[in-house]
>>> print(open('protein.txt').read())   # compact mmCIF, C-alpha atoms and all ligand atoms
# COMPACT_ATOMS: atom_id res chain seq x y z
CA MET A 1148 9.89 -3.62 23.81
CA THR A 1149 7.27 -3.10 21.12
CA ALA A 1150 4.84 -5.80 20.11
CA ARG A 1151 6.48 -5.83 16.67
CA SER A 1152 10.01 -6.50 18.07
CA GLU A 1153 8.61 -9.17 20.43
CA MET A 1154 7.01 -10.84 17.45
CA LEU A 1155 10.30 -10.71 15.49
CA ILE A 1156 12.22 -12.32 18.39
CA GLN A 1157 9.58 -15.03 18.65
CA GLU A 1158 9.71 -15.65 14.91
CA SER A 1159 13.51 -15.91 14.85
CA LYS A 1160 13.44 -18.44 17.75
CA LEU A 1161 11.07 -20.63 15.78
CA GLY A 1162 12.92 -19.98 12.55
CA LEU A 1163 9.73 -18.46 11.16
CA LYS A 1164 9.37 -15.50 8.84
CA THR A 1165 6.34 -13.89 7.28
CA LEU A 1166 6.75 -13.63 3.52
CA THR A 1167 4.69 -12.01 0.80
CA ILE A 1168 3.80 -14.44 -1.97
CA LYS A 1169 2.62 -12.88 -5.22
CA ILE A 1170 1.15 -15.36 -7.69
CA LYS A 1171 0.31 -14.75 -11.33
CA ARG A 1172 -2.48 -17.20 -12.07
CA TYR A 1173 -4.24 -18.14 -15.28
CA ASP A 1174 -8.01 -18.14 -15.41
CA PRO A 1175 -9.07 -20.51 -18.25
CA GLU A 1176 -12.71 -19.36 -18.13
CA LYS A 1177 -11.83 -15.73 -18.83
CA ASN A 1178 -8.64 -16.60 -20.77
CA ARG A 1179 -6.57 -14.10 -18.82
CA PHE A 1180 -4.11 -13.81 -15.98
CA ARG A 1181 -4.80 -12.28 -12.59
CA THR A 1182 -2.63 -11.75 -9.52
CA SER A 1183 -3.22 -13.00 -5.97
CA ILE A 1184 -1.13 -11.86 -3.02
CA TYR A 1185 -0.81 -13.80 0.26
CA ARG A 1186 1.07 -13.20 3.50
CA MET A 1187 2.34 -16.51 4.85
CA GLU A 1188 4.35 -17.63 7.84
CA VAL A 1189 7.18 -19.76 6.52
CA SER A 1190 9.72 -21.91 8.39
CA ARG A 1191 13.31 -22.06 7.30
CA TYR A 1192 12.80 -25.62 6.02
CA ASP A 1193 9.77 -24.86 3.85
CA THR A 1194 10.11 -25.22 0.11
CA VAL A 1195 8.11 -23.03 -2.27
CA LEU A 1196 5.86 -26.06 -2.84
CA ASP A 1197 5.27 -26.36 0.93
CA VAL A 1198 4.26 -22.70 1.01
CA LEU A 1199 1.89 -23.10 -1.94
CA LEU A 1200 0.25 -26.15 -0.37
CA LYS A 1201 -0.12 -24.22 2.89
CA ILE A 1202 -1.91 -21.47 0.94
CA VAL A 1203 -4.23 -24.07 -0.61
CA ARG A 1204 -4.89 -25.67 2.79
CA THR A 1205 -5.38 -22.59 4.92
CA ASN A 1206 -6.08 -19.66 2.70
CA ASP A 1207 -7.29 -20.26 -0.83
CA HIS A 1208 -8.42 -23.70 -1.95
CA THR A 1209 -9.08 -22.42 -5.47
CA LEU A 1210 -5.36 -22.13 -6.23
CA SER A 1211 -4.19 -24.87 -8.67
CA VAL A 1212 -0.70 -26.31 -8.27
CA ARG A 1213 0.66 -29.52 -9.79
CA TYR A 1214 3.06 -31.78 -7.93
CA SER A 1215 3.58 -35.44 -7.12
CA CYS A 1216 6.85 -36.68 -5.59
CA ARG A 1217 7.90 -33.56 -3.60
CA MET A 1218 11.52 -34.67 -4.00
CA GLY A 1219 12.76 -33.56 -7.43
CA ILE A 1220 11.96 -36.76 -9.27
CA CYS A 1221 8.58 -36.53 -11.02
CA GLY A 1222 9.26 -33.18 -12.75
CA SER A 1223 5.71 -31.91 -12.34
CA CYS A 1224 6.17 -28.86 -10.06
CA GLY A 1225 8.09 -26.63 -12.48
CA MET A 1226 7.18 -22.94 -12.29
CA THR A 1227 8.74 -19.49 -12.61
CA ILE A 1228 9.99 -18.38 -9.20
CA ASN A 1229 11.42 -14.90 -8.85
CA GLY A 1230 11.93 -14.77 -12.62
CA LYS A 1231 13.67 -18.14 -13.00
CA PRO A 1232 12.28 -21.53 -13.97
CA ARG A 1233 12.72 -23.93 -11.03
CA LEU A 1234 11.22 -26.96 -9.30
CA ALA A 1235 9.06 -25.63 -6.46
CA CYS A 1236 9.81 -28.71 -4.32
CA MET A 1237 13.56 -28.14 -4.60
CA THR A 1238 13.54 -24.40 -3.87
CA ASN A 1239 13.86 -23.16 -0.30
CA ALA A 1240 11.36 -20.36 0.29
CA ILE A 1241 13.15 -18.18 2.88
CA SER A 1242 16.36 -18.09 0.85
CA LEU A 1243 14.49 -16.13 -1.85
CA GLY A 1244 13.99 -13.05 0.37
CA GLU A 1245 10.95 -11.32 1.85
CA LYS A 1246 8.93 -11.37 -1.36
CA ILE A 1247 8.40 -14.34 -3.66
CA GLU A 1248 6.88 -13.90 -7.10
CA ILE A 1249 5.53 -17.02 -8.74
CA GLU A 1250 4.26 -17.47 -12.30
CA PRO A 1251 3.49 -20.48 -14.49
CA LEU A 1252 6.40 -21.99 -16.43
CA ARG A 1253 7.12 -19.89 -19.55
CA ASN A 1254 7.05 -21.25 -23.13
CA PHE A 1255 4.18 -23.64 -22.34
CA PRO A 1256 0.43 -23.05 -22.72
CA PRO A 1257 -1.17 -22.36 -19.32
CA VAL A 1258 -3.96 -24.68 -18.15
CA LYS A 1259 -5.01 -23.14 -14.82
CA ASP A 1260 -3.17 -20.92 -12.34
CA LEU A 1261 0.35 -22.41 -12.04
CA VAL A 1262 -0.35 -25.55 -14.07
CA VAL A 1263 0.90 -25.61 -17.67
CA ASP A 1264 0.44 -28.09 -20.52
CA LEU A 1265 3.71 -30.04 -20.99
CA GLU A 1266 2.40 -31.86 -24.07
CA PRO A 1267 4.59 -29.81 -26.50
CA LEU A 1268 7.64 -31.12 -24.61
CA PHE A 1269 6.46 -34.74 -24.69
CA HIS A 1270 5.59 -34.44 -28.38
CA LYS A 1271 9.07 -33.14 -29.29
CA HIS A 1272 10.70 -35.68 -26.98
CA LYS A 1273 9.00 -38.52 -28.88
CA GLN A 1274 10.19 -37.06 -32.20
CA VAL A 1275 13.84 -37.97 -31.42
CA LYS A 1276 12.93 -41.64 -30.79
CA PRO A 1277 14.05 -41.82 -27.16
CA TRP A 1278 14.39 -45.57 -26.93
CA LEU A 1279 16.91 -48.28 -27.82
CA ILE A 1280 16.91 -48.91 -31.57
CA ARG A 1281 18.31 -52.17 -32.95
CA LYS A 1282 18.71 -52.78 -36.68
CA ASP A 1283 17.42 -56.33 -36.37
CA PHE A 1284 13.61 -56.11 -36.19
CA GLU A 1285 13.29 -59.43 -34.34
CA GLU A 1286 15.94 -58.43 -31.81
CA GLN A 1287 14.28 -55.03 -31.33
CA PHE A 1288 10.89 -56.43 -30.42
CA ASN A 1289 11.78 -59.89 -29.00
CA PRO A 1290 15.17 -59.50 -27.33
CA LYS A 1291 16.53 -62.87 -26.17
CA LYS A 1292 19.26 -61.58 -23.87
CA GLU A 1293 20.43 -58.55 -21.91
CA TYR A 1294 22.67 -56.01 -23.62
CA LEU A 1295 25.66 -55.73 -21.32
CA GLN A 1296 27.71 -52.56 -20.96
CA LYS A 1297 31.02 -51.63 -19.40
CA PRO A 1298 30.96 -48.88 -16.72
CA GLU A 1299 32.90 -46.54 -19.04
CA GLU A 1300 30.22 -47.03 -21.71
CA VAL A 1301 27.50 -46.04 -19.23
CA ASP A 1302 29.57 -42.99 -18.27
CA ARG A 1303 29.25 -41.67 -21.85
CA TYR A 1304 25.54 -40.97 -21.40
CA ARG A 1305 24.89 -41.23 -17.64
CA ILE A 1306 24.58 -37.46 -17.02
CA PHE A 1307 22.10 -37.09 -19.91
CA SER A 1308 19.95 -39.97 -18.68
CA MET A 1309 19.11 -38.06 -15.48
CA CYS A 1310 16.45 -35.95 -17.25
CA ILE A 1311 13.09 -35.94 -15.43
CA LYS A 1312 11.22 -34.15 -18.27
CA CYS A 1313 10.29 -31.19 -16.11
CA GLY A 1314 10.48 -28.71 -19.00
CA ILE A 1315 12.56 -26.21 -17.04
CA CYS A 1316 15.28 -26.06 -19.71
CA MET A 1317 12.60 -25.45 -22.36
CA ALA A 1318 11.15 -22.60 -20.27
CA ALA A 1319 14.62 -21.05 -19.91
CA CYS A 1320 15.54 -21.30 -23.61
CA PRO A 1321 15.31 -18.02 -25.61
CA THR A 1322 15.18 -19.95 -28.91
CA VAL A 1323 12.16 -22.01 -27.78
CA ALA A 1324 10.52 -18.69 -26.85
CA SER A 1325 11.04 -17.22 -30.33
CA ASN A 1326 10.61 -20.38 -32.45
CA PRO A 1327 7.99 -22.87 -31.23
CA ARG A 1328 9.18 -25.35 -33.91
CA PHE A 1329 12.69 -25.52 -32.41
CA LEU A 1330 13.09 -28.95 -30.83
CA GLY A 1331 14.73 -27.42 -27.78
CA PRO A 1332 17.25 -28.50 -25.16
CA GLN A 1333 15.37 -31.42 -23.63
CA PRO A 1334 14.64 -33.40 -26.85
CA LEU A 1335 18.07 -32.60 -28.31
CA SER A 1336 19.89 -33.75 -25.19
CA GLN A 1337 17.81 -36.93 -25.21
CA ALA A 1338 18.69 -37.52 -28.88
CA TYR A 1339 22.34 -37.43 -27.80
CA ARG A 1340 21.67 -39.61 -24.75
CA TRP A 1341 20.50 -42.45 -27.01
CA ILE A 1342 23.10 -41.93 -29.73
CA ALA A 1343 25.85 -42.13 -27.07
CA ASP A 1344 24.49 -45.45 -25.79
CA SER A 1345 26.72 -48.34 -26.96
CA ARG A 1346 23.67 -50.64 -27.25
CA ASP A 1347 21.87 -48.34 -29.66
CA GLU A 1348 22.02 -48.58 -33.46
CA GLY A 1349 19.67 -45.71 -34.31
CA GLY A 1350 22.26 -42.90 -34.40
CA LEU A 1351 21.96 -42.08 -38.10
CA VAL A 1352 18.16 -41.96 -37.94
CA ARG A 1353 18.28 -39.47 -35.05
CA LEU A 1354 21.02 -37.34 -36.65
CA GLU A 1355 18.74 -36.98 -39.67
CA ILE A 1356 15.94 -35.75 -37.39
CA VAL A 1357 18.05 -33.12 -35.59
CA ASP A 1358 19.94 -31.84 -38.67
CA SER A 1359 18.00 -28.60 -39.32
CA GLN A 1360 17.43 -25.02 -38.18
CA ASP A 1361 14.69 -26.37 -35.92
CA GLY A 1362 17.19 -28.89 -34.58
CA VAL A 1363 20.84 -28.49 -33.57
CA PHE A 1364 21.40 -25.48 -35.86
CA GLY A 1365 18.66 -23.47 -34.15
CA CYS A 1366 20.57 -23.44 -30.87
CA HIS A 1367 22.37 -20.15 -30.15
CA PHE A 1368 24.22 -21.56 -27.15
CA ALA A 1369 22.75 -19.16 -24.65
CA GLY A 1370 23.42 -21.85 -22.02
CA ALA A 1371 20.31 -20.95 -20.01
CA CYS A 1372 19.12 -24.59 -20.27
CA SER A 1373 22.16 -26.02 -18.51
CA ALA A 1374 22.26 -23.21 -15.95
CA SER A 1375 18.69 -23.94 -14.87
CA CYS A 1376 18.46 -27.75 -15.09
CA PRO A 1377 17.74 -29.08 -11.58
CA LYS A 1378 19.31 -32.45 -12.41
CA ASN A 1379 22.59 -31.12 -13.91
CA VAL A 1380 21.83 -32.72 -17.25
CA ASP A 1381 23.76 -30.07 -19.26
CA PRO A 1382 21.68 -29.98 -22.46
CA ALA A 1383 23.97 -27.30 -23.98
CA LEU A 1384 26.90 -29.75 -23.86
CA ALA A 1385 24.76 -32.50 -25.43
CA ILE A 1386 23.78 -30.14 -28.26
CA GLN A 1387 27.45 -29.35 -28.93
CA PHE A 1388 28.27 -33.08 -29.10
CA LEU A 1389 25.27 -33.63 -31.34
CA ARG A 1390 26.24 -30.81 -33.69
CA ARG A 1391 29.72 -32.26 -34.02
CA LEU A 1392 28.25 -35.66 -34.93
CA VAL A 1393 25.93 -34.05 -37.51
CA MET A 1394 28.88 -32.23 -39.14
CA ARG A 1395 30.99 -35.41 -39.26
CA ARG A 1396 28.25 -37.62 -40.61
S1 LIG A 1401 17.17 -31.52 -19.22
FE1 LIG A 1401 16.98 -30.88 -17.05
S2 LIG A 1401 15.66 -29.08 -17.13
FE2 LIG A 1401 15.42 -30.11 -19.08
S3 LIG A 1401 13.63 -31.41 -18.85
FE3 LIG A 1401 15.45 -32.67 -18.34
S4 LIG A 1401 15.71 -32.45 -16.14
FE4 LIG A 1401 14.30 -30.84 -16.74
S1 LIG A 1402 6.93 -32.55 -6.96
FE1 LIG A 1402 8.09 -33.97 -8.15
S2 LIG A 1402 9.74 -32.78 -8.91
FE2 LIG A 1402 8.68 -31.43 -7.56
>>> encode(input="protein.txt", output="C-alpha cells")
Amino acid sequence: MTARSEMLIQESKLGLKTLTIKIKRYDPEKNRFRTSIYRMEVSRYDTVLDVLLKIVRTNDHTLSVRYSCRMGICGSCGMTINGKPRLACMTNAISLGEKIEIEPLRNFPPVKDLVVDLEPLFHKHKQVKPWLIRKDFEEQFNPKKEYLQKPEEVDRYRIFSMCIKCGICMAACPTVASNPRFLGPQPLSQAYRWIADSRDEGGLVRLEIVDSQDGVFGCHFAGACSASCPKNVDPALAIQFLRRLVMRR
C-alpha cells in the first residue's frame, strides 16, 4: 500500500479531507484584490467559518473575517462561497467539494479581505421606517399598554420578521448590482413586514416611499433573493405583495 493510500484511509476513518481554499481578499492600503491559496485539513462537521478561523489560527493571522454568533443569527459572516452568497457559519465545508473559492460579499464596498461595509444596507433599511408607527403621537412615544395580536395576525408577517440583516439577498440581486439606488430585497421585504403588522398605522407612509423605479417597480423578479436567503424570508414574495398594495392604493 502506498503512503498516499494509507493517508487516504486514515483520513476517511477520521472523517478528514484536505481541501484547497482559494480566497480573494481586498487590500485597503493598495486598493486592490489579491488571492491567497491554502491547503487545509477539514473534518466533515467543519463549516466554512470553522475553516477560515483555522486558517487564521494556524496559517495566516493577517486574514480578516467577520463573525459573531457562529449560528446563523447575527448575520455578520456573509460572503461569496463558490459563486453564491451564503453565511459561512451555516455552510458545511466538505459538501462544497475539493476546492472552495471564497470572495467578499458582492454589491457592498469591501473593507478588508472578506469583510464588507454593510452600511448601504442599514441606510436603505432605515429609509422604509422599520418600526411600529402609530398615528397618535403620544401613543407612539409613551405607550400605556401592550398591543395585543391574534396568532393569525402574527402569521401575516412572521416569515418576513425572521430577517437577520445579513445582506445576502442584496448581494444576490441583479438589480442592486446594476442600480445602487434600488432599495433592494431586504428593505422592501421589511417595508412589507411592518405594513402587514396589524398594530401598525404607517402603511400609507411606507407605500409612498417604495412607489418608484428605485422601489417596488425596480424589481425584475429574478427571485435570486429568496433562493439565497438563509432564513427563508422570501423577499420576492414580499415585493409582490407590496406592489399589489401600491397599485391598489
Ligand atoms: S431577507 Fe434574508 S438574505 Fe436578506 S438580509 Fe434578511 S435574512 Fe439576509
Ligand atoms: S457568525 Fe453569526 S450568522 Fe454567521
>>> closest_residue(input="protein.txt", among="A:Cys1236, A:Ala1383, A:Leu1392, A:Ala1324", to="Leu1351 in chain A", atoms="all atoms listed in the file")
A:Leu1392
>>> closest_residue(input="protein.txt", among="A:Arg1390, A:Lys1164, A:Lys1246, A:Arg1346", to="Ser1190 in chain A", atoms="all atoms listed in the file")
A:Lys1164
>>> residues_near_ligand(input="protein.txt", ligand="ligand LIG 1401 (chain A)", cutoff="10 Å", atoms="all atoms listed in the file", output="NGL selection string")
:A and (1219-1223 or 1225 or 1232-1234 or 1268-1269 or 1272 or 1306-1320 or 1331-1337 or 1371-1383 or 1385)
>>> atom_distance(input="protein.txt", atom1="CA of Ile1249 in chain A", atom2="CA of Met1237 in chain A")
14.3 Å
>>> closest_residue(input="protein.txt", among="A:Glu1176, A:Asp1207, A:Glu1188, A:Asp1197", to="ligand LIG 1402 (chain A)", atoms="all atoms listed in the file")
A:Asp1197
>>> residues_around(input="protein.txt", residues="Leu1166 in chain A", least_positions_apart="5", cutoff="6 Å", atoms="only C-alpha atoms", output="list in words")
Arg1186, Met1187, Glu1245 and Lys1246 of chain A
>>> residues_near_point(input="protein.txt", point="(14.6, -52.0, -30.5)", cutoff="12 Å", atoms="only C-alpha atoms", output="PyMOL selection string")
chain A and resi 1276-1291+1294+1341+1346-1349
>>> closest_residue(input="protein.txt", among="A:Tyr1173, A:Phe1329, A:Tyr1214, A:Phe1368", to="ligand LIG 1402 (chain A)", atoms="all atoms listed in the file")
A:Tyr1214
>>> closest_residue(input="protein.txt", among="A:Asn1254, A:Ser1359, A:Ser1211, A:Thr1238", to="ligand LIG 1402 (chain A)", atoms="all atoms listed in the file")
A:Thr1238
>>> closest_residue(input="protein.txt", among="A:Ile1168, A:Val1352, A:Val1212, A:Leu1163", to="ligand LIG 1402 (chain A)", atoms="all atoms listed in the file")
A:Val1212
>>> atom_distance(input="protein.txt", atom1="CA of Leu1200 in chain A", atom2="CA of Pro1256 in chain A")
22.6 Å
>>> atom_distance(input="protein.txt", atom1="CA of Phe1388 in chain A", atom2="CA of Leu1330 in chain A")
15.8 Å
>>> residues_around(input="protein.txt", residues="Tyr1304 in chain A", least_positions_apart="4", cutoff="9 Å", atoms="all atoms listed in the file", output="PyMOL selection string")
chain A and resi 1300+1308+1339-1344
>>> residues_around(input="protein.txt", residues="Asp1361 in chain A", least_positions_apart="4", cutoff="10 Å", atoms="only C-alpha atoms", output="count of residues only")
12
>>> decode(input="protein.txt", residues="range 1262-1289 of chain A", atoms="N, CA, C and O atoms", output="short mmCIF file (atom, residue, chain, number, x, y, z; two decimals), in the first residue's frame")
data_model
loop_
_atom_site.label_atom_id
_atom_site.label_comp_id
_atom_site.auth_asym_id
_atom_site.auth_seq_id
_atom_site.Cartn_x
_atom_site.Cartn_y
_atom_site.Cartn_z
N VAL A 1262 -14.19 41.12 4.66
CA VAL A 1262 -15.11 41.99 5.40
C VAL A 1262 -15.61 43.09 4.46
O VAL A 1262 -14.82 43.77 3.83
N VAL A 1263 -16.95 43.25 4.40
CA VAL A 1263 -17.51 44.34 3.58
C VAL A 1263 -18.25 45.33 4.47
O VAL A 1263 -18.57 45.03 5.61
N ASP A 1264 -18.53 46.51 3.89
CA ASP A 1264 -19.26 47.55 4.62
C ASP A 1264 -20.75 47.36 4.36
O ASP A 1264 -21.22 47.55 3.23
N LEU A 1265 -21.51 47.01 5.39
CA LEU A 1265 -22.95 46.79 5.24
C LEU A 1265 -23.78 48.06 5.42
O LEU A 1265 -25.00 48.03 5.41
N GLU A 1266 -23.10 49.20 5.59
CA GLU A 1266 -23.81 50.44 5.84
C GLU A 1266 -24.87 50.76 4.76
O GLU A 1266 -25.97 51.22 5.09
N PRO A 1267 -24.57 50.53 3.45
CA PRO A 1267 -25.62 50.82 2.45
C PRO A 1267 -26.92 50.05 2.73
O PRO A 1267 -28.02 50.57 2.51
N LEU A 1268 -26.81 48.83 3.24
CA LEU A 1268 -28.00 48.05 3.60
C LEU A 1268 -28.73 48.70 4.77
O LEU A 1268 -29.95 48.90 4.72
N PHE A 1269 -27.98 49.06 5.83
CA PHE A 1269 -28.62 49.63 7.01
C PHE A 1269 -29.28 50.97 6.66
O PHE A 1269 -30.36 51.30 7.15
N HIS A 1270 -28.61 51.74 5.79
CA HIS A 1270 -29.15 53.04 5.39
C HIS A 1270 -30.49 52.86 4.66
O HIS A 1270 -31.48 53.52 4.97
N LYS A 1271 -30.53 51.92 3.71
CA LYS A 1271 -31.78 51.69 2.97
C LYS A 1271 -32.85 51.09 3.87
O LYS A 1271 -34.04 51.39 3.74
N HIS A 1272 -32.43 50.24 4.78
CA HIS A 1272 -33.37 49.62 5.72
C HIS A 1272 -34.08 50.70 6.54
O HIS A 1272 -35.30 50.68 6.70
N LYS A 1273 -33.31 51.70 7.01
CA LYS A 1273 -33.90 52.77 7.82
C LYS A 1273 -34.89 53.60 7.00
O LYS A 1273 -35.85 54.13 7.53
N GLN A 1274 -34.62 53.71 5.67
CA GLN A 1274 -35.48 54.53 4.81
C GLN A 1274 -36.93 54.07 4.83
O GLN A 1274 -37.84 54.87 4.65
N VAL A 1275 -37.18 52.77 5.02
CA VAL A 1275 -38.58 52.28 4.98
C VAL A 1275 -39.26 52.34 6.35
O VAL A 1275 -40.35 51.83 6.53
N LYS A 1276 -38.63 52.99 7.31
CA LYS A 1276 -39.18 53.15 8.67
C LYS A 1276 -39.56 51.80 9.28
O LYS A 1276 -40.75 51.49 9.49
N PRO A 1277 -38.55 50.98 9.59
CA PRO A 1277 -38.84 49.64 10.09
C PRO A 1277 -39.13 49.61 11.58
O PRO A 1277 -38.37 49.05 12.37
N TRP A 1278 -40.22 50.24 11.94
CA TRP A 1278 -40.66 50.24 13.34
C TRP A 1278 -42.18 50.43 13.34
O TRP A 1278 -42.77 50.77 12.31
N LEU A 1279 -42.78 50.24 14.52
CA LEU A 1279 -44.22 50.39 14.64
C LEU A 1279 -44.59 51.86 14.60
O LEU A 1279 -44.09 52.64 15.39
N ILE A 1280 -45.46 52.23 13.66
CA ILE A 1280 -45.89 53.64 13.57
C ILE A 1280 -47.34 53.73 14.05
O ILE A 1280 -48.20 53.00 13.57
N ARG A 1281 -47.59 54.63 14.99
CA ARG A 1281 -48.96 54.90 15.43
C ARG A 1281 -49.30 56.34 15.07
O ARG A 1281 -48.44 57.22 15.14
N LYS A 1282 -50.56 56.57 14.67
CA LYS A 1282 -50.94 57.93 14.26
C LYS A 1282 -50.91 58.89 15.44
O LYS A 1282 -50.59 60.06 15.29
N ASP A 1283 -51.27 58.39 16.61
CA ASP A 1283 -51.29 59.23 17.80
C ASP A 1283 -49.86 59.42 18.33
O ASP A 1283 -49.22 58.46 18.75
N PHE A 1284 -49.39 60.66 18.29
CA PHE A 1284 -48.01 60.96 18.68
C PHE A 1284 -47.72 60.50 20.12
O PHE A 1284 -46.70 59.88 20.41
N GLU A 1285 -48.66 60.79 21.02
CA GLU A 1285 -48.49 60.44 22.43
C GLU A 1285 -48.40 58.91 22.58
O GLU A 1285 -47.54 58.39 23.29
N GLU A 1286 -49.28 58.22 21.88
CA GLU A 1286 -49.30 56.76 21.96
C GLU A 1286 -48.02 56.16 21.38
O GLU A 1286 -47.49 55.18 21.87
N GLN A 1287 -47.51 56.82 20.31
CA GLN A 1287 -46.28 56.34 19.66
C GLN A 1287 -45.09 56.37 20.62
O GLN A 1287 -44.32 55.44 20.70
N PHE A 1288 -44.98 57.49 21.33
CA PHE A 1288 -43.77 57.66 22.14
C PHE A 1288 -43.95 57.35 23.63
O PHE A 1288 -42.98 57.16 24.33
N ASN A 1289 -45.21 57.30 24.10
CA ASN A 1289 -45.47 56.92 25.51
C ASN A 1289 -46.59 55.88 25.58
O ASN A 1289 -47.64 56.14 26.16
#
